[in-house]
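Participant: Structure: model.txt, compact mmCIF, C-alpha atoms.
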```txt
# COMPACT_ATOMS: atom_id res chain seq x y z
CA MET T 1 180.63 -11.05 24.21
CA GLU T 2 181.33 -7.50 25.34
CA ARG T 3 179.20 -5.77 27.99
CA LYS T 4 178.15 -2.20 27.38
CA LYS T 5 178.77 0.21 30.20
CA THR T 6 175.84 2.45 31.03
CA ILE T 7 176.16 5.68 32.92
CA GLY T 8 173.40 7.50 34.73
CA ARG T 9 169.86 6.53 35.47
CA GLN T 10 168.18 3.73 33.65
CA LYS T 11 164.51 3.13 33.08
CA ILE T 12 163.36 0.43 35.47
CA PRO T 13 160.12 -1.39 34.70
CA LEU T 14 157.41 -0.86 37.30
CA VAL T 15 156.54 -4.19 38.90
CA ARG T 16 155.08 -5.03 42.26
CA ILE T 17 157.70 -5.39 44.97
CA GLU T 18 156.91 -8.72 46.59
CA LYS T 19 158.87 -8.41 49.85
CA TYR T 20 156.85 -6.32 52.33
CA ALA T 21 159.84 -4.60 53.98
CA ASN T 22 161.27 -3.56 50.61
CA ARG T 23 157.85 -2.38 49.41
CA TYR T 24 157.32 -0.27 52.56
CA SER T 25 160.83 1.20 52.28
CA ALA T 26 160.26 2.12 48.62
CA PHE T 27 156.90 3.68 49.55
CA SER T 28 158.51 5.82 52.27
CA LYS T 29 161.26 7.04 49.95
CA ARG T 30 158.83 7.85 47.16
CA ARG T 31 156.42 9.56 49.57
CA TYR T 32 159.28 11.77 50.74
CA GLY T 33 160.14 12.56 47.10
CA LEU T 34 156.51 13.43 46.32
CA TYR T 35 156.26 15.71 49.36
CA LYS T 36 159.51 17.44 48.44
CA LYS T 37 158.38 18.00 44.84
CA ALA T 38 154.94 19.18 46.01
CA SER T 39 156.57 21.65 48.40
CA GLU T 40 158.73 23.03 45.57
CA LEU T 41 155.71 23.37 43.28
CA VAL T 42 153.71 25.22 45.92
CA ARG T 43 156.60 27.52 46.78
CA GLU T 44 157.50 28.34 43.18
CA ASN T 45 154.02 28.56 41.65
CA ASP T 46 151.90 29.70 44.60
CA PHE T 47 148.89 27.41 44.13
CA ASP T 48 146.75 25.07 46.23
CA LEU T 49 147.73 21.40 46.26
CA GLY T 50 146.57 18.23 47.98
CA ILE T 51 148.11 14.74 47.91
CA PHE T 52 146.50 11.85 49.76
CA LEU T 53 148.30 8.49 50.00
CA SER T 54 147.66 5.13 51.59
CA SER T 55 150.68 3.04 52.63
CA PRO T 56 151.08 -0.73 52.24
CA ALA T 57 150.21 -0.91 55.96
CA ASP T 58 146.95 0.99 55.25
CA LYS T 59 148.13 4.15 56.99
CA ALA T 60 146.87 7.40 55.50
CA TYR T 61 149.26 10.22 54.60
CA ALA T 62 148.46 13.66 53.24
CA PHE T 63 150.21 16.74 51.96
CA VAL T 64 147.93 19.75 51.67
CA HIS T 65 148.60 23.39 51.07
CA PRO T 66 147.36 25.72 52.42
CA THR T 67 144.67 23.83 54.43
CA GLN T 68 142.60 20.67 54.06
CA ASN T 69 139.34 22.64 54.02
CA THR T 70 140.57 24.87 51.20
CA ILE T 71 141.58 21.89 49.08
CA ILE T 72 138.32 20.00 49.73
CA ASP T 73 136.18 23.09 49.06
CA ARG T 74 138.13 23.79 45.87
CA PHE T 75 137.55 20.20 44.76
CA MET T 76 133.86 20.14 45.67
CA ASN T 77 132.98 23.55 44.28
CA SER T 78 134.91 26.32 42.68
CA LYS T 79 133.66 29.04 45.04
CA ILE T 80 135.56 29.71 48.24
CA ASP T 81 134.43 32.27 50.79
CA LEU T 82 136.54 35.28 51.73
CA GLY T 83 137.49 33.86 55.13
CA GLU T 84 139.01 30.75 53.57
CA GLN T 85 140.90 32.91 51.06
CA ILE T 86 142.42 34.93 53.92
CA VAL T 87 143.37 31.76 55.80
CA SER T 88 144.87 30.36 52.59
CA LYS T 89 146.91 33.48 51.94
CA ASN T 90 148.12 33.60 55.55
CA SER T 91 149.08 29.92 55.45
CA ARG T 92 150.89 30.42 52.15
CA ASN T 93 152.86 33.35 53.60
CA THR T 94 153.75 31.33 56.68
CA VAL T 95 154.96 28.41 54.56
CA ASN T 96 157.06 30.74 52.41
CA GLN T 97 158.62 32.36 55.48
CA LEU T 98 159.40 28.95 57.00
CA ASN T 99 160.93 27.75 53.72
CA ASP T 100 163.10 30.87 53.56
CA ARG T 101 164.21 30.31 57.15
CA LEU T 102 164.96 26.65 56.42
CA ASN T 103 167.07 27.62 53.40
CA GLU T 104 168.95 30.17 55.51
CA LEU T 105 169.62 27.58 58.22
CA ASP T 106 170.82 25.09 55.59
CA LYS T 107 173.30 27.66 54.30
CA ARG T 108 174.50 28.40 57.84
CA GLU T 109 174.95 24.69 58.46
CA GLU T 110 177.10 24.36 55.33
CA VAL T 111 179.26 27.33 56.38
CA ALA T 112 179.63 25.89 59.89
CA LYS T 113 180.64 22.49 58.48
CA GLU T 114 183.24 24.10 56.23
CA ARG T 115 184.60 26.13 59.13
CA LEU T 116 184.73 23.07 61.41
CA PHE T 117 186.61 21.15 58.71
CA SER T 118 189.05 24.05 58.29
CA LEU T 119 189.64 24.26 62.04
CA SER T 120 190.21 20.51 62.33
CA GLN T 121 192.76 20.74 59.51
CA LYS T 122 194.55 23.57 61.36
CA ASN T 123 194.55 21.52 64.57
CA LYS T 124 196.09 18.56 62.74
CA THR T 125 198.81 20.87 61.43
CA ARG T 126 199.44 22.29 64.91
CA GLU T 127 199.71 18.82 66.38
CA LYS T 128 202.70 18.06 64.19
CA GLY T 129 205.96 18.46 66.06
CA ARG T 130 208.57 21.03 65.17
CA TRP T 131 210.75 18.31 63.66
CA GLU T 132 208.02 17.12 61.32
CA SER T 133 207.39 20.64 60.07
CA ILE T 134 211.09 21.28 59.36
CA GLU T 135 210.64 19.44 56.06
CA HIS T 136 208.53 22.36 54.83
CA LEU T 137 211.28 24.96 55.34
CA ASN T 138 213.08 26.49 52.36
CA ALA T 139 216.89 26.82 52.18
CA ASP T 140 216.96 30.29 53.79
CA ASP T 141 214.80 29.11 56.71
CA VAL T 142 217.06 26.06 57.21
CA MET T 143 220.14 28.36 57.38
CA LYS T 144 218.43 30.58 59.98
CA PHE T 145 217.41 27.52 62.01
CA GLN T 146 220.98 26.16 61.85
CA ALA T 147 222.34 29.52 63.09
CA TRP T 148 219.81 29.50 65.94
CA LEU T 149 220.93 25.98 66.91
CA ASP T 150 224.61 27.02 66.77
CA VAL T 151 223.96 30.02 69.06
CA GLY T 152 222.05 27.75 71.43
CA GLU T 153 224.93 25.26 71.47
CA ILE T 154 227.49 28.01 72.28
CA MET T 155 225.28 29.35 75.09
CA LEU T 156 224.88 25.88 76.58
CA LYS T 157 228.67 25.30 76.49
CA ASP T 158 229.26 28.63 78.25
CA GLN T 159 226.73 27.77 80.94
CA LEU T 160 228.28 24.32 81.43
CA ALA T 161 231.74 25.88 81.76
CA GLU T 162 230.46 28.30 84.41
CA ALA T 163 228.75 25.49 86.32
```
The structure given in the file should be rewritten as structure tokens.

Facilitator:
Amino acid sequence: MERKKTIGRQKIPLVRIEKYANRYSAFSKRRYGLYKKASELVRENDFDLGIFLSSPADKAYAFVHPTQNTIIDRFMNSKIDLGEQIVSKNSRNTVNQLNDRLNELDKREEVAKERLFSLSQKNKTREKGRWESIEHLNADDVMKFQAWLDVGEIMLKDQLAEA
């Protein structure tokens, strides 16, 4: 019987995870994924959003944008006063500015990592001795190096004769 190879993600049936530690770990990972997706939705579409979760340990978690009061008022009634609209707009602008700053810092981190890697590679190359790097010379460079060694040998012999 031949096994089929599958590549990529597969559909996994949703069943209760019996082991508490595994269930809590899965909850934490999925909560992070929900928050990340919610943040993207808010940033890209500029709307109000609220997510309220309860963990397996009965801890409450929430993701709200722009504020809890705005989300609750929007849910309870469709009319929001002008003050809440201003607070919402200000919060939305602040979140957008912080997201832009975070993206900029992520880019800087990537550039710094690349530069650090490049510098470490250069240091490894510098640490090689002269004799290890001679293998990388072409024929012309080898001839020049041989002439330099010959001149050095003649100078040493002259100095030894004088001494």

Participant: Skipping near chain neighbours, those fewer than 2 positions away, what residues fall within 12 Å of region 90-106 of chain T using all atoms listed in the file, listed as a PyMOL selection string?

Facilitator: chain T and resi 36+39-49+64-68+70+83-88+108-113

Participant: Could you pull the residues within 12 Å of region 21-25 of chain T, counting all atoms listed in the file, minus those fewer than 2 positions along the same chain, as number ranges by chain?

Facilitator: T: 15-19, 27-32, 54-59

Participant: Between CA of Thr125 (chain T) and CA of Leu137 (chain T), what is the distance, to one decimal in Å?

Facilitator: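 Separation of CA of Thr125 (chain T) and CA of Leu137 (chain T): 14.5 Å.
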
Participant: Report, in Å with one decimal, the straight-line distance from CA of Phe63 (chain T) to CA of Tyr20 (chain T).

Facilitator: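 Here the two named atoms are 24.0 Å from each other.
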
Participant: Quick one: pull the distance between CA of Asp140 (chain T) and CA of Lys157 (chain T), Å, one decimal.

Facilitator: 26.0 Å
